[in-house]
Every structure is written in C-alpha cells, then in structure tokens.
>>> print(open('upload.tsv').read())   # TSV, C-alpha atoms and all ligand atoms
chain	number	residue	atom	x	y	z
A	1	THR	CA	99.12	74.07	114.27
A	2	GLN	CA	102.33	75.90	115.22
A	3	SER	CA	101.99	79.67	115.55
A	4	THR	CA	104.44	81.96	113.78
A	5	ARG	CA	106.54	84.67	115.42
A	6	PRO	CA	104.38	87.44	113.89
A	7	GLN	CA	101.26	85.71	115.26
A	8	ARG	CA	102.85	85.50	118.74
A	9	LEU	CA	103.79	89.19	118.47
A	10	LEU	CA	100.19	90.10	117.56
A	11	ASN	CA	98.91	88.03	120.51
A	12	ALA	CA	101.19	90.03	122.81
A	13	VAL	CA	99.75	93.27	121.43
A	14	GLN	CA	96.14	92.11	121.84
A	15	LYS	CA	96.90	90.86	125.37
A	16	ASN	CA	98.97	93.79	126.68
A	17	ALA	CA	98.12	96.91	124.67
A	18	THR	CA	95.04	99.11	124.86
A	19	ARG	CA	92.97	99.36	121.69
A	20	GLY	CA	93.36	102.80	120.11
A	21	ASP	CA	96.52	103.60	122.08
A	22	PRO	CA	99.51	103.51	119.69
A	23	ARG	CA	102.03	104.13	122.46
A	24	SER	CA	100.84	101.01	124.33
A	25	VAL	CA	101.09	98.97	121.10
A	26	VAL	CA	104.72	100.09	120.61
A	27	LYS	CA	105.51	99.28	124.25
A	28	ALA	CA	103.85	95.85	124.09
A	29	ILE	CA	105.92	94.89	121.03
A	30	ASP	CA	109.17	96.19	122.54
A	31	ASP	CA	108.53	94.32	125.83
A	32	PHE	CA	107.70	91.12	123.92
A	33	CYS	CA	110.78	91.35	121.68
A	34	ARG	CA	113.14	92.29	124.48
A	35	HIS	CA	111.97	89.75	127.06
A	36	LYS	CA	110.23	86.96	125.15
A	37	GLU	CA	111.20	86.66	121.48
A	38	TRP	CA	113.48	88.84	119.34
A	39	ALA	CA	111.92	90.17	116.11
A	40	MET	CA	113.27	92.48	113.41
A	41	ASN	CA	111.36	95.64	114.38
A	42	VAL	CA	113.32	98.89	114.26
A	43	GLY	CA	112.96	98.78	118.07
A	44	ASP	CA	112.89	101.37	120.85
A	45	GLU	CA	116.42	102.80	120.58
A	46	LYS	CA	116.47	103.37	116.80
A	47	GLY	CA	112.72	104.09	117.10
A	48	CYS	CA	113.45	107.24	119.10
A	49	ILE	CA	115.70	108.47	116.29
A	50	LEU	CA	112.92	107.63	113.80
A	51	ASP	CA	110.45	109.59	115.99
A	52	SER	CA	112.69	112.67	116.03
A	53	VAL	CA	113.15	112.61	112.24
A	54	VAL	CA	109.37	112.25	111.68
A	55	SER	CA	108.59	115.05	114.15
A	56	GLU	CA	111.19	117.34	112.54
A	57	ILE	CA	109.76	116.80	109.01
A	58	ASN	CA	106.05	116.68	109.99
A	59	PRO	CA	105.47	114.85	106.69
A	60	ALA	CA	102.22	114.86	104.68
A	61	ALA	CA	103.27	111.87	102.55
A	62	VAL	CA	105.37	108.97	103.87
A	63	LEU	CA	106.46	105.77	102.11
A	64	GLU	CA	107.62	102.76	104.17
A	65	LEU	CA	109.37	99.91	102.38
A	66	GLY	CA	108.92	96.76	104.46
A	67	THR	CA	106.00	96.69	106.88
A	68	TYR	CA	106.77	93.36	108.61
A	69	CYS	CA	104.43	93.41	111.69
A	70	GLY	CA	103.69	97.13	111.51
A	71	TYR	CA	105.83	98.30	114.46
A	72	SER	CA	107.50	101.19	112.61
A	73	THR	CA	104.26	101.84	110.73
A	74	VAL	CA	102.55	102.52	114.08
A	75	ARG	CA	105.56	104.50	115.36
A	76	ILE	CA	105.44	106.80	112.32
A	77	ALA	CA	101.64	107.04	111.87
A	78	ARG	CA	101.05	107.99	115.53
A	79	LEU	CA	103.11	111.17	114.94
A	80	LEU	CA	101.51	112.24	111.64
A	81	PRO	CA	99.31	115.33	111.41
A	82	PRO	CA	95.64	114.86	110.43
A	83	HIS	CA	95.13	114.08	106.70
A	84	ALA	CA	98.76	112.95	106.35
A	85	LYS	CA	99.17	109.58	104.62
A	86	LEU	CA	101.57	106.69	105.16
A	87	ILE	CA	101.81	104.11	102.38
A	88	THR	CA	103.59	100.92	103.48
A	89	LEU	CA	104.63	98.13	101.10
A	90	GLU	CA	104.73	94.48	102.23
A	91	PHE	CA	105.17	91.60	99.78
A	92	ASN	CA	104.72	88.76	102.33
A	93	PRO	CA	100.97	88.11	102.77
A	94	ASP	CA	101.41	86.56	106.23
A	95	PHE	CA	103.31	89.62	107.48
A	96	ALA	CA	100.71	91.91	105.84
A	97	ALA	CA	97.83	90.10	107.57
A	98	ILE	CA	99.46	90.51	110.99
A	99	ALA	CA	100.46	94.13	110.32
A	100	ARG	CA	96.89	95.09	109.37
A	101	GLN	CA	95.71	93.82	112.78
A	102	VAL	CA	98.51	95.59	114.67
A	103	ILE	CA	97.75	98.87	112.85
A	104	ALA	CA	94.01	98.39	113.56
A	105	TRP	CA	94.68	97.69	117.26
A	106	ALA	CA	96.53	101.00	117.41
A	107	GLY	CA	93.52	102.70	115.77
A	108	LEU	CA	95.61	104.09	112.93
A	109	GLU	CA	93.85	102.56	109.89
A	110	GLU	CA	92.79	106.02	108.65
A	111	LYS	CA	96.40	107.20	108.28
A	112	VAL	CA	97.88	104.01	106.85
A	113	GLN	CA	97.51	102.37	103.43
A	114	LEU	CA	99.12	98.92	103.53
A	115	VAL	CA	99.80	97.72	99.97
A	116	GLU	CA	100.55	94.04	99.43
A	117	GLY	CA	103.25	93.75	96.81
A	118	ALA	CA	106.90	94.29	96.01
A	119	SER	CA	108.53	97.73	96.07
A	120	GLY	CA	109.94	97.38	92.55
A	121	ASP	CA	106.46	96.75	91.15
A	122	TRP	CA	104.64	99.44	93.14
A	123	ILE	CA	107.05	102.39	93.20
A	124	PRO	CA	106.37	103.10	89.47
A	125	LYS	CA	102.62	103.07	90.15
A	126	MET	CA	102.53	105.38	93.19
A	127	LYS	CA	101.47	108.51	91.30
A	128	GLU	CA	98.66	106.94	89.25
A	129	GLN	CA	97.37	104.60	91.99
A	130	PHE	CA	97.54	106.86	95.07
A	131	GLY	CA	97.67	110.38	93.67
A	132	ILE	CA	101.13	110.93	95.19
A	133	THR	CA	103.26	113.71	93.70
A	134	THR	CA	106.35	113.31	95.92
A	135	PHE	CA	107.17	111.75	99.30
A	136	ASP	CA	108.38	113.92	102.17
A	137	LEU	CA	109.85	110.91	103.96
A	138	VAL	CA	110.81	107.38	102.88
A	139	PHE	CA	111.66	104.76	105.56
A	140	LEU	CA	113.69	101.91	104.06
A	141	ASP	CA	113.50	98.66	106.03
A	142	HIS	CA	112.93	95.91	103.46
A	143	TRP	CA	115.49	93.57	101.79
A	144	LYS	CA	118.85	95.27	102.23
A	145	ASP	CA	119.89	94.61	98.61
A	146	ARG	CA	116.80	96.49	97.44
A	147	TYR	CA	117.64	99.82	99.12
A	148	LEU	CA	119.86	101.01	96.27
A	149	PRO	CA	117.80	99.88	93.25
A	150	ASP	CA	114.60	101.20	94.83
A	151	THR	CA	116.22	104.57	95.64
A	152	LYS	CA	117.29	104.90	92.00
A	153	LEU	CA	113.77	103.87	90.94
A	154	MET	CA	112.21	106.55	93.19
A	155	GLU	CA	114.52	109.15	91.61
A	156	GLU	CA	113.60	108.00	88.10
A	157	CYS	CA	109.86	108.03	88.91
A	158	GLY	CA	110.09	111.62	90.20
A	159	LEU	CA	108.91	110.62	93.67
A	160	LEU	CA	111.59	112.69	95.43
A	161	ARG	CA	111.66	116.50	95.64
A	162	LYS	CA	114.27	118.95	96.96
A	163	GLY	CA	114.22	118.22	100.71
A	164	SER	CA	112.73	114.72	100.61
A	165	VAL	CA	114.29	112.61	103.38
A	166	LEU	CA	115.35	108.96	103.07
A	167	LEU	CA	115.81	107.19	106.41
A	168	ALA	CA	117.41	103.76	106.10
A	169	ASP	CA	117.43	101.09	108.83
A	170	ASN	CA	120.22	98.51	109.29
A	171	VAL	CA	122.98	100.28	107.38
A	172	ILE	CA	125.52	98.46	109.62
A	173	CYS	CA	123.71	95.24	110.62
A	174	PRO	CA	122.78	93.38	108.44
A	175	GLY	CA	124.32	96.22	106.40
A	176	THR	CA	123.63	97.92	103.09
A	177	PRO	CA	127.11	98.61	101.70
A	178	ASP	CA	126.18	99.43	98.09
A	179	TYR	CA	123.43	101.81	99.26
A	180	LEU	CA	125.76	103.57	101.74
A	181	GLU	CA	128.50	103.93	99.13
A	182	TYR	CA	126.05	105.44	96.62
A	183	ILE	CA	124.18	107.78	98.94
A	184	ARG	CA	127.30	109.08	100.72
A	185	SER	CA	129.22	109.77	97.50
A	186	SER	CA	126.31	111.23	95.52
A	187	PRO	CA	126.28	115.07	95.20
A	188	ARG	CA	122.47	114.83	95.11
A	189	TYR	CA	122.22	113.80	98.78
A	190	GLU	CA	123.33	115.20	102.13
A	191	SER	CA	123.74	112.18	104.42
A	192	ARG	CA	124.21	111.73	108.16
A	193	TYR	CA	124.71	108.52	110.15
A	194	PHE	CA	122.86	108.07	113.46
A	195	LYS	CA	124.84	105.52	115.47
A	196	SER	CA	122.68	103.18	117.52
A	197	HIS	CA	122.27	99.43	118.16
A	198	LEU	CA	120.54	96.52	116.50
A	199	GLU	CA	117.07	96.31	117.99
A	200	TYR	CA	117.00	94.77	121.49
A	201	THR	CA	120.78	93.99	121.41
A	202	LYS	CA	124.19	95.57	122.10
A	203	VAL	CA	125.35	94.99	118.52
A	204	GLU	CA	126.17	98.18	116.62
A	205	ASP	CA	123.70	99.33	113.96
A	206	GLY	CA	122.38	102.70	112.87
A	207	LEU	CA	120.13	104.76	110.66
A	208	GLU	CA	121.34	106.76	107.66
A	209	LYS	CA	119.38	109.96	107.06
A	210	SER	CA	119.77	111.38	103.56
A	211	VAL	CA	118.21	114.60	102.23
A	212	PHE	CA	117.63	114.75	98.46
A	213	LYS	CA	118.98	117.98	96.95
A	214	GLY	CA	116.87	117.77	93.78
B	301	LIG	C1	110.81	93.97	97.75
B	301	LIG	N1	109.96	94.21	98.91
B	301	LIG	N2	108.95	95.08	98.90
B	301	LIG	C2	108.38	95.05	100.12
B	301	LIG	C3	109.05	94.12	100.94
B	301	LIG	C4	108.89	93.68	102.27
B	301	LIG	C5	109.75	92.71	102.76
B	301	LIG	C6	109.56	92.16	104.14
B	301	LIG	O1	109.05	93.14	105.03
B	301	LIG	C7	110.84	91.61	104.70
B	301	LIG	C8	111.00	90.24	104.86
B	301	LIG	C9	112.21	89.75	105.34
B	301	LIG	C10	113.27	90.63	105.63
B	301	LIG	C11	113.09	92.00	105.46
B	301	LIG	C12	114.22	92.96	105.66
B	301	LIG	N3	114.65	93.19	107.03
B	301	LIG	C13	115.72	92.50	107.47
B	301	LIG	O2	116.24	91.61	106.81
B	301	LIG	C14	116.23	92.82	108.83
B	301	LIG	C15	117.10	91.91	109.45
B	301	LIG	C16	117.61	92.16	110.71
B	301	LIG	C17	118.53	91.18	111.35
B	301	LIG	C18	119.67	91.63	112.00
B	301	LIG	C19	120.54	90.71	112.61
B	301	LIG	C20	120.25	89.36	112.55
B	301	LIG	F1	121.06	88.47	113.16
B	301	LIG	C21	119.11	88.90	111.89
B	301	LIG	C22	118.24	89.81	111.29
B	301	LIG	C23	117.26	93.33	111.41
B	301	LIG	C24	116.40	94.26	110.78
B	301	LIG	O3	116.05	95.44	111.42
B	301	LIG	C25	115.90	94.02	109.51
B	301	LIG	O4	115.09	94.98	108.93
B	301	LIG	C26	111.86	92.50	105.02
B	301	LIG	C27	110.78	92.20	101.94
B	301	LIG	C28	110.95	92.65	100.63
B	301	LIG	C29	110.07	93.61	100.14
B	302	MG	MG	115.19	96.79	110.03
>>> encode(input="upload.tsv", output="structure tokens")
Amino acid sequence: TQSTRPQRLLNAVQKNATRGDPRSVVKAIDDFCRHKEWAMNVGDEKGCILDSVVSEINPAAVLELGTYCGYSTVRIARLLPPHAKLITLEFNPDFAAIARQVIAWAGLEEKVQLVEGASGDWIPKMKEQFGITTFDLVFLDHWKDRYLPDTKLMEECGLLRKGSVLLADNVICPGTPDYLEYIRSSPRYESRYFKSHLEYTKVEDGLEKSVFKG
C-alpha cells in the first residue's frame, strides 16, 4: 500500500534522529522537508522565532491548535520547564497517530497531552477535562479560518489571562485575514508581526504574536 507523507516523515525521524533527543528529531524533519518532501511544519526559520517566544514566556500551560506530525509540538515541549504541560489538539486520526510516534521518539510524552478532536469541541472542555485555569501560550496552526472563532471561544471560556500570548502561524501564507484584522484592531490585544518565510521556501510568511490585556 502507498505510504502517506506523514508516514514518510516519521520514517525519516526513526532513521535519522536519536531516540530521546528532541533536537535531532527537529533536525531530521527539517532536513527531510527541505531536501526530500515539503510538509506544512512551522519549519526552522519560523521555528527559531517560536523558540524565542517560548523561552521568553517560560510557560507552565501551553495549548497548540493543530498538531499535524508533531514538529512544533516537539519544538515547544523541548523548551518547557519540568511539570509544564502542552496540550495539542489534532482532529485527523492519521496525523495524530504519526504525531504520537514523533513525540515519543523525542522522549517528550510526559510533557505532551495529544487530544484527538476538533478545537471548537475541546476548547470549552479544557478546564473540566484537564484542570486548566488559563493558558500562558497558545500556538495557532490549524485551519486558518478557525483562528478567529477559536480565539473568541478561548476569550469566552476564560482561558486567557492578562499576559497570555497567542502566537499564530501563516498569517501571510496561506493567510488569516479576518484573524489579523480582529487581533490588530482589538484594544484587548497588543500585537506584533514577525516577518519570516513560508517553511522551507522563499515565499513571505510570518508569525503574529498577540498579548491579551485582560
Ligand atoms: C478544527 N481543528 N482542530 C484541530 C485541528 C487540526 C487540523 C490539522 O492539523 C490540519 C489539517 C490540515 C491543515 C491544517 C492547517 N495548516 C495549513 O493549512 C497550513 C498550510 C500551509 C501551506 C502553505 C502554502 C501552500 F502552498 C500549501 C500549504 C502551511 C502551513 O504552515 C500550514 O499550517 C491543519 C485541522 C483542523 C483542526
Ligand atoms: Mg502552519
């Protein structure tokens, strides 16, 4: 049977990365996607911006919307302090199955809770299901037309506190125009655009970092 791109990406990790070494897992995926087969990971260039935001916040509670193969999950989790938690939502079971193995190869299972399901269904259940009060950091990387409704949902569910940071991938390519318009014009957020490139290409893209003012 034909393999899928996520399966080929996992094979590259298991072939080229060292078990328990998150850095080697990140490198194996970047090498595979740059030289063998493009895939929609946040990538190495935007990944460095993600790293600096995570390190600056030193978050105890992180929410990732859109796991895909777990590349950004590993990037974030490798930087978390002990006892910090990353909850990542993935609705596609095939992606989730691959991501679990990538996260396990990196040895980061303890820090990561991968939840199979859609953001709109799970955001309202975060407090009761996972004992979350608020998130220190949210990384948005799922369907681009869900960034805005899910941000409003997180506000309504009281999952954001004064200082919570939203970091959104792909605000230029593929683009999230309604989200950008909302977040940049809202008095409840301080936003900043980090210009970069679409993963593994020269096409412009960037991350939008927005701090909730409460
Ligand atoms: C509701 N809900 N809850 C959880 C959840 C999880 C998912 C999946 O993880 C999933 C599946 C398919 C697509 C995405 C979004 N990502 C993208 O579409 C993307 C595209 C490109 C790009 C750019 C240029 C191209 F030419 C082609 C693709 C570059 C990027 O970095 C991307 O993130 C996410 C979906 C909805 C979900
Ligand atoms: Mg993305």
>>> axis_aligned_box(input="upload.tsv", around="ligand LIG 301 (chain B)", padding_each_side="5 Å", output="AutoDock Vina command-line options")
--center_x 114.7 --center_y 92.0 --center_z 105.5 --size_x 22.7 --size_y 17.0 --size_z 25.4
>>> atom_distance(input="upload.tsv", atom1="atom C3 of ligand LIG 301 (chain B)", atom2="CA of Thr88 (chain A)")
9.1 Å
>>> residues_around(input="upload.tsv", residues="Asp150 (chain A)", least_positions_apart="4", cutoff="8 Å", atoms="all atoms listed in the file", output="ChimeraX atom specification")
/A:119-120,123,146,154
>>> write_last_selection(input="upload.tsv", atoms="C-alpha atoms", output="PDB file, in the frame of the given file")
ATOM      1  CA  SER A 119     108.530  97.730  96.070  1.00  0.00           C
ATOM      2  CA  GLY A 120     109.940  97.380  92.550  1.00  0.00           C
ATOM      3  CA  ILE A 123     107.050 102.390  93.200  1.00  0.00           C
ATOM      4  CA  ARG A 146     116.800  96.490  97.440  1.00  0.00           C
ATOM      5  CA  MET A 154     112.210 106.550  93.190  1.00  0.00           C
TER       6      MET A 154
END
>>> closest_atom_pairs(input="upload.tsv", of="region 50-157 of chain A", to="region 20-42 of chain A", cutoff="8 Å", atoms="only C-alpha atoms", output="Markdown table")
| residue | atom | partner | partner_atom | distance |
| --- | --- | --- | --- | --- |
| A:Tyr68 | CA | A:Asn41 | CA | 7.7 |
| A:Cys69 | CA | A:Asn41 | CA | 7.8 |
| A:Tyr71 | CA | A:Asn41 | CA | 6.1 |
| A:Ser72 | CA | A:Val42 | CA | 6.5 |
| A:Val74 | CA | A:Pro22 | CA | 6.5 |
| A:Arg75 | CA | A:Val26 | CA | 6.9 |
| A:Arg78 | CA | A:Pro22 | CA | 6.3 |
| A:Val102 | CA | A:Val25 | CA | 7.7 |
| A:Ala104 | CA | A:Gly20 | CA | 7.9 |
| A:Trp105 | CA | A:Gly20 | CA | 6.0 |
| A:Ala106 | CA | A:Pro22 | CA | 4.5 |
| A:Gly107 | CA | A:Gly20 | CA | 4.3 |
| A:Leu108 | CA | A:Gly20 | CA | 7.6 |
>>> residues_around(input="upload.tsv", residues="Gly131 (chain A)", least_positions_apart="2", cutoff="12 Å", atoms="all atoms listed in the file", output="PyMOL selection string")
chain A and resi 61+85+87+125-129+133-135+159
>>> residues_around(input="upload.tsv", residues="Lys144 (chain A)", least_positions_apart="3", cutoff="12 Å", atoms="only C-alpha atoms", output="compact mmCIF listing (two decimals) with C-alpha atoms, in the frame of the given file")
# COMPACT_ATOMS: atom_id res chain seq x y z
CA LEU A 65 109.37 99.91 102.38
CA GLY A 66 108.92 96.76 104.46
CA LEU A 140 113.69 101.91 104.06
CA ASP A 141 113.50 98.66 106.03
CA TYR A 147 117.64 99.82 99.12
CA LEU A 148 119.86 101.01 96.27
CA PRO A 149 117.80 99.88 93.25
CA ASP A 150 114.60 101.20 94.83
CA THR A 151 116.22 104.57 95.64
CA ALA A 168 117.41 103.76 106.10
CA ASP A 169 117.43 101.09 108.83
CA ASN A 170 120.22 98.51 109.29
CA VAL A 171 122.98 100.28 107.38
CA ILE A 172 125.52 98.46 109.62
CA CYS A 173 123.71 95.24 110.62
CA PRO A 174 122.78 93.38 108.44
CA GLY A 175 124.32 96.22 106.40
CA THR A 176 123.63 97.92 103.09
CA PRO A 177 127.11 98.61 101.70
CA ASP A 178 126.18 99.43 98.09
CA TYR A 179 123.43 101.81 99.26
CA LEU A 180 125.76 103.57 101.74
>>> residues_around(input="upload.tsv", residues="Ile57 (chain A)", least_positions_apart="6", cutoff="12 Å", atoms="only C-alpha atoms", output="mmCIF file with C-alpha atoms, in the coordinates of the input")
data_model
loop_
_atom_site.group_PDB
_atom_site.id
_atom_site.type_symbol
_atom_site.label_atom_id
_atom_site.label_comp_id
_atom_site.auth_asym_id
_atom_site.auth_seq_id
_atom_site.Cartn_x
_atom_site.Cartn_y
_atom_site.Cartn_z
ATOM 1 C CA LEU A 50 112.920 107.630 113.800
ATOM 2 C CA ASP A 51 110.450 109.590 115.990
ATOM 3 C CA ILE A 76 105.440 106.800 112.320
ATOM 4 C CA LEU A 79 103.110 111.170 114.940
ATOM 5 C CA LEU A 80 101.510 112.240 111.640
ATOM 6 C CA PRO A 81 99.310 115.330 111.410
ATOM 7 C CA ALA A 84 98.760 112.950 106.350
ATOM 8 C CA PHE A 135 107.170 111.750 99.300
ATOM 9 C CA ASP A 136 108.380 113.920 102.170
ATOM 10 C CA LEU A 137 109.850 110.910 103.960
ATOM 11 C CA VAL A 138 110.810 107.380 102.880
ATOM 12 C CA GLY A 163 114.220 118.220 100.710
ATOM 13 C CA SER A 164 112.730 114.720 100.610
ATOM 14 C CA VAL A 165 114.290 112.610 103.380
ATOM 15 C CA LEU A 166 115.350 108.960 103.070
ATOM 16 C CA LEU A 167 115.810 107.190 106.410
ATOM 17 C CA LYS A 209 119.380 109.960 107.060
ATOM 18 C CA VAL A 211 118.210 114.600 102.230
#
>>> closest_residue(input="upload.tsv", among="A:Pro124, A:Gln101, A:Trp143, A:Ser186", to="Arg19 (chain A)", atoms="all atoms listed in the file")
A:Gln101
>>> closest_residue(input="upload.tsv", among="A:Lys46, A:Lys15, A:Lys152, A:Arg100", to="ligand MG 302 (chain B)", atoms="only C-alpha atoms and all ligand atoms")
A:Lys46
>>> atom_distance(input="upload.tsv", atom1="atom C20 of ligand LIG 301 (chain B)", atom2="CA of His197 (chain A)")
11.7 Å
>>> closest_residue(input="upload.tsv", among="A:Ser196, A:Thr73, A:Asn92, A:Gln113", to="Phe139 (chain A)", atoms="all atoms listed in the file")
A:Thr73
>>> closest_residue(input="upload.tsv", among="A:Val112, A:Leu89, A:Ala17, A:Ile103", to="ligand LIG 301 (chain B)", atoms="all atoms listed in the file")
A:Leu89
>>> atom_distance(input="upload.tsv", atom1="CA of Ser185 (chain A)", atom2="CA of Glu208 (chain A)")
13.2 Å
>>> residues_around(input="upload.tsv", residues="Ile49 (chain A)", least_positions_apart="6", cutoff="10 Å", atoms="all atoms listed in the file", output="ChimeraX atom specification")
/A:55,167,194-196,206-207
>>> closest_residue(input="upload.tsv", among="A:Pro93, A:Gly158, A:Pro187, A:Pro82", to="ligand LIG 301 (chain B)", atoms="only C-alpha atoms and all ligand atoms")
A:Pro93
>>> closest_residue(input="upload.tsv", among="A:Arg5, A:Arg184, A:Lys162, A:His142", to="ligand LIG 301 (chain B)", atoms="all atoms listed in the file")
A:His142
>>> decode(input="upload.tsv", residues="region 128-211 of chain A", atoms="C-alpha atoms", output="mmCIF file, in the first residue's frame")
data_model
loop_
_atom_site.group_PDB
_atom_site.id
_atom_site.type_symbol
_atom_site.label_atom_id
_atom_site.label_comp_id
_atom_site.auth_asym_id
_atom_site.auth_seq_id
_atom_site.Cartn_x
_atom_site.Cartn_y
_atom_site.Cartn_z
ATOM 1 C CA GLU A 128 -13.133 20.456 33.411
ATOM 2 C CA GLN A 129 -11.148 17.817 31.463
ATOM 3 C CA PHE A 130 -7.556 18.938 32.103
ATOM 4 C CA GLY A 131 -7.767 21.157 35.173
ATOM 5 C CA ILE A 132 -6.537 24.160 33.175
ATOM 6 C CA THR A 133 -7.288 27.617 34.581
ATOM 7 C CA THR A 134 -5.659 29.723 31.837
ATOM 8 C CA PHE A 135 -3.049 29.196 29.103
ATOM 9 C CA ASP A 136 0.209 31.137 29.174
ATOM 10 C CA LEU A 137 0.791 30.487 25.470
ATOM 11 C CA VAL A 138 -1.446 29.390 22.579
ATOM 12 C CA PHE A 139 0.158 28.366 19.244
ATOM 13 C CA LEU A 140 -2.381 28.582 16.411
ATOM 14 C CA ASP A 141 -1.528 26.410 13.395
ATOM 15 C CA HIS A 142 -4.763 24.643 12.444
ATOM 16 C CA TRP A 143 -7.345 25.589 9.757
ATOM 17 C CA LYS A 144 -6.763 29.263 9.037
ATOM 18 C CA ASP A 145 -10.492 30.096 9.105
ATOM 19 C CA ARG A 146 -10.670 28.715 12.645
ATOM 20 C CA TYR A 147 -8.119 31.120 14.181
ATOM 21 C CA LEU A 148 -10.670 33.884 14.772
ATOM 22 C CA PRO A 149 -13.652 31.839 16.019
ATOM 23 C CA ASP A 150 -11.397 29.800 18.318
ATOM 24 C CA THR A 151 -9.745 32.952 19.722
ATOM 25 C CA LYS A 152 -13.184 34.357 20.541
ATOM 26 C CA LEU A 153 -14.128 30.989 22.065
ATOM 27 C CA MET A 154 -10.995 30.999 24.266
ATOM 28 C CA GLU A 155 -11.911 34.510 25.466
ATOM 29 C CA GLU A 156 -15.485 33.434 26.231
ATOM 30 C CA CYS A 157 -14.307 30.307 28.086
ATOM 31 C CA GLY A 158 -11.984 32.389 30.283
ATOM 32 C CA LEU A 159 -8.902 30.522 29.071
ATOM 33 C CA LEU A 160 -6.873 33.725 28.590
ATOM 34 C CA ARG A 161 -5.476 35.904 31.396
ATOM 35 C CA LYS A 162 -3.736 39.296 31.385
ATOM 36 C CA GLY A 163 -0.430 38.493 29.656
ATOM 37 C CA SER A 164 -1.472 35.312 27.839
ATOM 38 C CA VAL A 165 0.302 35.143 24.475
ATOM 39 C CA LEU A 166 -1.257 33.998 21.189
ATOM 40 C CA LEU A 167 1.284 33.062 18.509
ATOM 41 C CA ALA A 168 -0.268 32.485 15.085
ATOM 42 C CA ASP A 169 1.456 30.742 12.161
ATOM 43 C CA ASN A 170 0.768 31.540 8.480
ATOM 44 C CA VAL A 171 -0.770 34.979 8.902
ATOM 45 C CA ILE A 172 0.500 35.835 5.373
ATOM 46 C CA CYS A 173 0.619 32.441 3.602
ATOM 47 C CA PRO A 174 -1.925 30.841 3.400
ATOM 48 C CA GLY A 175 -3.112 33.904 5.363
ATOM 49 C CA THR A 176 -5.623 34.596 8.108
ATOM 50 C CA PRO A 177 -7.088 37.982 7.134
ATOM 51 C CA ASP A 178 -10.129 38.016 9.437
ATOM 52 C CA TYR A 179 -7.985 36.978 12.421
ATOM 53 C CA LEU A 180 -5.337 39.654 11.673
ATOM 54 C CA GLU A 181 -7.980 42.351 11.254
ATOM 55 C CA TYR A 182 -9.607 41.427 14.573
ATOM 56 C CA ILE A 183 -6.478 40.984 16.668
ATOM 57 C CA ARG A 184 -4.718 44.108 15.351
ATOM 58 C CA SER A 185 -7.745 46.381 15.837
ATOM 59 C CA SER A 186 -8.830 44.995 19.216
ATOM 60 C CA PRO A 187 -7.921 47.154 22.270
ATOM 61 C CA ARG A 188 -7.665 43.901 24.244
ATOM 62 C CA TYR A 189 -4.508 42.767 22.422
ATOM 63 C CA GLU A 190 -1.025 44.154 21.795
ATOM 64 C CA SER A 191 0.128 42.571 18.523
ATOM 65 C CA ARG A 192 3.463 42.354 16.715
ATOM 66 C CA TYR A 193 4.271 40.772 13.349
ATOM 67 C CA PHE A 194 7.442 38.681 12.980
ATOM 68 C CA LYS A 195 8.320 38.686 9.274
ATOM 69 C CA SER A 196 9.741 35.405 8.032
ATOM 70 C CA HIS A 197 9.201 32.901 5.198
ATOM 71 C CA LEU A 198 6.902 30.006 4.471
ATOM 72 C CA GLU A 199 8.618 26.893 5.771
ATOM 73 C CA TYR A 200 11.437 25.639 3.512
ATOM 74 C CA THR A 201 10.700 28.315 0.827
ATOM 75 C CA LYS A 202 11.491 31.938 -0.096
ATOM 76 C CA VAL A 203 7.812 32.905 -0.035
ATOM 77 C CA GLU A 204 6.936 35.553 2.556
ATOM 78 C CA ASP A 205 5.061 34.419 5.663
ATOM 79 C CA GLY A 206 5.238 35.334 9.330
ATOM 80 C CA LEU A 207 4.048 34.847 12.873
ATOM 81 C CA GLU A 208 1.728 37.250 14.677
ATOM 82 C CA LYS A 209 2.387 37.489 18.422
ATOM 83 C CA SER A 210 -0.505 38.947 20.408
ATOM 84 C CA VAL A 211 -0.571 39.594 24.168
#
